[in-house]
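All remarks here apply to the structure that follows.
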Amino acid sequence: MQPFTVKAIKIIQNIPSGKVMTYGQIAKLAGSPRGARQVVRILHSLSEKHLLPWHRVVNGKGEIGFKDDLSFNLQRELLEKEEIYVSPKGILDLQEYLYDPLYPH
């Protein structure tokens, strides 16, 4: 496994319940500031194997990225179980819910 992948997995595993991170934020912390699409691929291919909390990762606008209803609704439901408010359009408030491991408070 590539070092970037190992770092990204570790970052994703440590997102606390009730918080989210963005694809770009994870990519930057893992050492590839322009690697957001790589983070998407990691989540797609390795979430099950590594038990990643994939639902806690959103795009840079604070939106659920899925276009299909099934995945969109599942992510929304999982976030709401963690008391994260998600609008009907799939948008959440990054100022309230964004997790920054460098400043965890």
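Naming works like this for the structure tokens: A, B, ... for the chains as they're shown, residue 1 at the start of each chain, ligands 1 onward in shown order.
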
**OP:** Would you list, as a PyMOL selection string, the residues of chain A that end up in helix (DSSP H, G or I) under DSSP run on this structure's backbone?
**Re:** chain A and resi 3-13+23-29+36-50+54-56+69-81+94-97

Can you write out as a Markdown table which residues of region 17-69 of chain A fall within 6 Å of region 94-103 of chain A, alongside each residue's closest atom pair and its distance in Å to one decimal, counting only C-alpha atoms and ordering rows by chain and ascending residue number?
```
| residue | atom | partner | partner_atom | distance |
| --- | --- | --- | --- | --- |
| A:Lys19 | CA | A:Tyr97 | CA | 4.9 |
| A:Val20 | CA | A:Leu98 | CA | 5.0 |
| A:Met21 | CA | A:Leu98 | CA | 5.6 |
| A:Gly62 | CA | A:Leu94 | CA | 5.6 |
```

Save out the residues we just selected, N, CA and C atoms, as a compact mmCIF listing (two decimals), in the first residue's frame.
```
# COMPACT_ATOMS: atom_id res chain seq x y z
N LYS A 19 -18.75 14.37 13.68
CA LYS A 19 -17.88 15.29 12.94
C LYS A 19 -17.67 14.76 11.53
N VAL A 20 -17.24 15.63 10.63
CA VAL A 20 -16.94 15.24 9.26
C VAL A 20 -15.61 15.86 8.84
N MET A 21 -15.05 15.31 7.78
CA MET A 21 -13.89 15.91 7.13
C MET A 21 -14.20 15.94 5.63
N GLY A 62 -19.39 21.01 1.89
CA GLY A 62 -20.22 20.45 2.96
C GLY A 62 -21.41 19.69 2.44
```

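Of the residues listed (A:His55, A:Lys61, A:Lys89, A:Lys81), A:His55 shows the shortest atom-to-atom separation from Ile15 (chain A); distances use only C-alpha atoms.
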
Subject >> For Phe4 (chain A), the nearest of the candidates A:Ile91, A:Val86, A:Ala27, A:Leu74, counting only C-alpha atoms >> reply: A:Ala27

Subject >> Spatial neighbours of Leu51 (chain A), max dist 12 Å, only C-alpha atoms, sep filter under 6 positions, as a PyMOL selection string >> reply: chain A and resi 9-10+12-14+42-45

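Taking CA of Leu46 (chain A) and CA of Lys28 (chain A) as endpoints, the distance between them is 18.9 Å.
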
**OP:** Identify which of the residues A:Ile26, A:Gly18, A:Phe66, A:Gly60 lies closest to Leu78 (chain A), counting only C-alpha atoms when measuring atom-to-atom distances.
**Re:** A:Gly18

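Once Ser87 (chain A) and its same-chain neighbours fewer than 2 positions away are set aside, Gly62, Glu63, Ile64, Phe72, Asn73, Arg76, Glu77, Leu79, Glu80, Ile84, Tyr85, Lys89, Gly90, Ile91, Leu92 and Asp93 of chain A remain within 12 Å of it when counting only C-alpha atoms.
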
**OP:** List every residue of chain A that DSSP, applied to the backbone of this structure, places in strand (DSSP E or B), and write the result as a ChimeraX atom specification.
**Re:** /A:20-22,57-58,63,91,98

Writer output for current selection, N, CA, C and O atoms, as an mmCIF file, in the first residue's frame:
```
data_model
loop_
_atom_site.group_PDB
_atom_site.id
_atom_site.type_symbol
_atom_site.label_atom_id
_atom_site.label_comp_id
_atom_site.auth_asym_id
_atom_site.auth_seq_id
_atom_site.Cartn_x
_atom_site.Cartn_y
_atom_site.Cartn_z
ATOM 1 N N VAL A 20 -17.243 15.634 10.631
ATOM 2 C CA VAL A 20 -16.940 15.242 9.257
ATOM 3 C C VAL A 20 -15.609 15.862 8.843
ATOM 4 O O VAL A 20 -15.123 16.793 9.480
ATOM 5 N N MET A 21 -15.048 15.309 7.779
ATOM 6 C CA MET A 21 -13.891 15.913 7.126
ATOM 7 C C MET A 21 -14.203 15.940 5.632
ATOM 8 O O MET A 21 -15.076 15.218 5.161
ATOM 9 N N THR A 22 -13.453 16.761 4.897
ATOM 10 C CA THR A 22 -13.644 16.827 3.451
ATOM 11 C C THR A 22 -12.587 15.974 2.753
ATOM 12 O O THR A 22 -11.526 15.702 3.307
ATOM 13 N N VAL A 57 -17.255 11.643 5.520
ATOM 14 C CA VAL A 57 -16.456 12.386 4.541
ATOM 15 C C VAL A 57 -17.400 13.009 3.520
ATOM 16 O O VAL A 57 -18.233 12.323 2.929
ATOM 17 N N VAL A 58 -17.267 14.331 3.340
ATOM 18 C CA VAL A 58 -18.132 15.091 2.433
ATOM 19 C C VAL A 58 -17.266 15.958 1.522
ATOM 20 O O VAL A 58 -16.057 16.068 1.724
ATOM 21 N N GLU A 63 -21.263 19.112 1.253
ATOM 22 C CA GLU A 63 -22.374 18.397 0.630
ATOM 23 C C GLU A 63 -22.086 16.903 0.547
ATOM 24 O O GLU A 63 -20.940 16.494 0.354
ATOM 25 N N ILE A 91 -26.844 19.108 2.407
ATOM 26 C CA ILE A 91 -25.802 20.060 2.811
ATOM 27 C C ILE A 91 -25.747 20.133 4.331
ATOM 28 O O ILE A 91 -26.776 20.158 5.000
ATOM 29 N N LEU A 98 -17.169 20.364 11.014
ATOM 30 C CA LEU A 98 -15.862 20.002 10.455
ATOM 31 C C LEU A 98 -14.880 19.640 11.566
ATOM 32 O O LEU A 98 -14.739 20.370 12.546
#
```

**OP:** Would you mind telling me which residue in A:Met1, A:Ser47, A:Asp68, A:Ser17 lies nearest to Glu83 (chain A) when using only C-alpha atoms?
**Re:** A:Ser17

**OP:** List the neighbours of Gly31 (chain A) out to 12 Å using only C-alpha atoms; skip same-chain residues closer than 4 positions along the sequence, and give me the result as number ranges by chain.
**Re:** A: 2-8, 11, 24-27, 35-36, 38-39

Save out the residues we just selected, C-alpha atoms, as an mmCIF file, in the first residue's frame.
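Ended up saving to result.cif:
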```
data_model
loop_
_atom_site.group_PDB
_atom_site.id
_atom_site.type_symbol
_atom_site.label_atom_id
_atom_site.label_comp_id
_atom_site.auth_asym_id
_atom_site.auth_seq_id
_atom_site.Cartn_x
_atom_site.Cartn_y
_atom_site.Cartn_z
ATOM 1 C CA GLN A 2 1.241 3.485 -0.860
ATOM 2 C CA PRO A 3 2.206 5.814 2.047
ATOM 3 C CA PHE A 4 -0.531 8.254 1.008
ATOM 4 C CA THR A 5 -3.146 5.486 1.226
ATOM 5 C CA VAL A 6 -1.924 4.362 4.655
ATOM 6 C CA LYS A 7 -2.041 7.949 5.975
ATOM 7 C CA ALA A 8 -5.469 8.626 4.472
ATOM 8 C CA ILE A 11 -6.997 9.935 9.166
ATOM 9 C CA GLY A 24 -9.506 17.658 0.111
ATOM 10 C CA GLN A 25 -8.735 18.108 3.787
ATOM 11 C CA ILE A 26 -7.882 14.409 4.132
ATOM 12 C CA ALA A 27 -5.744 14.501 0.971
ATOM 13 C CA GLY A 35 -5.386 14.205 -4.071
ATOM 14 C CA ALA A 36 -9.085 14.517 -3.222
ATOM 15 C CA GLN A 38 -7.575 9.569 -4.565
ATOM 16 C CA VAL A 39 -9.414 9.825 -1.256
#
```

Original post:
What does the distance from CA of Arg56 (chain A) to CA of Pro16 (chain A) come to in Å, to one decimal?
Top reply: 8.5 Å
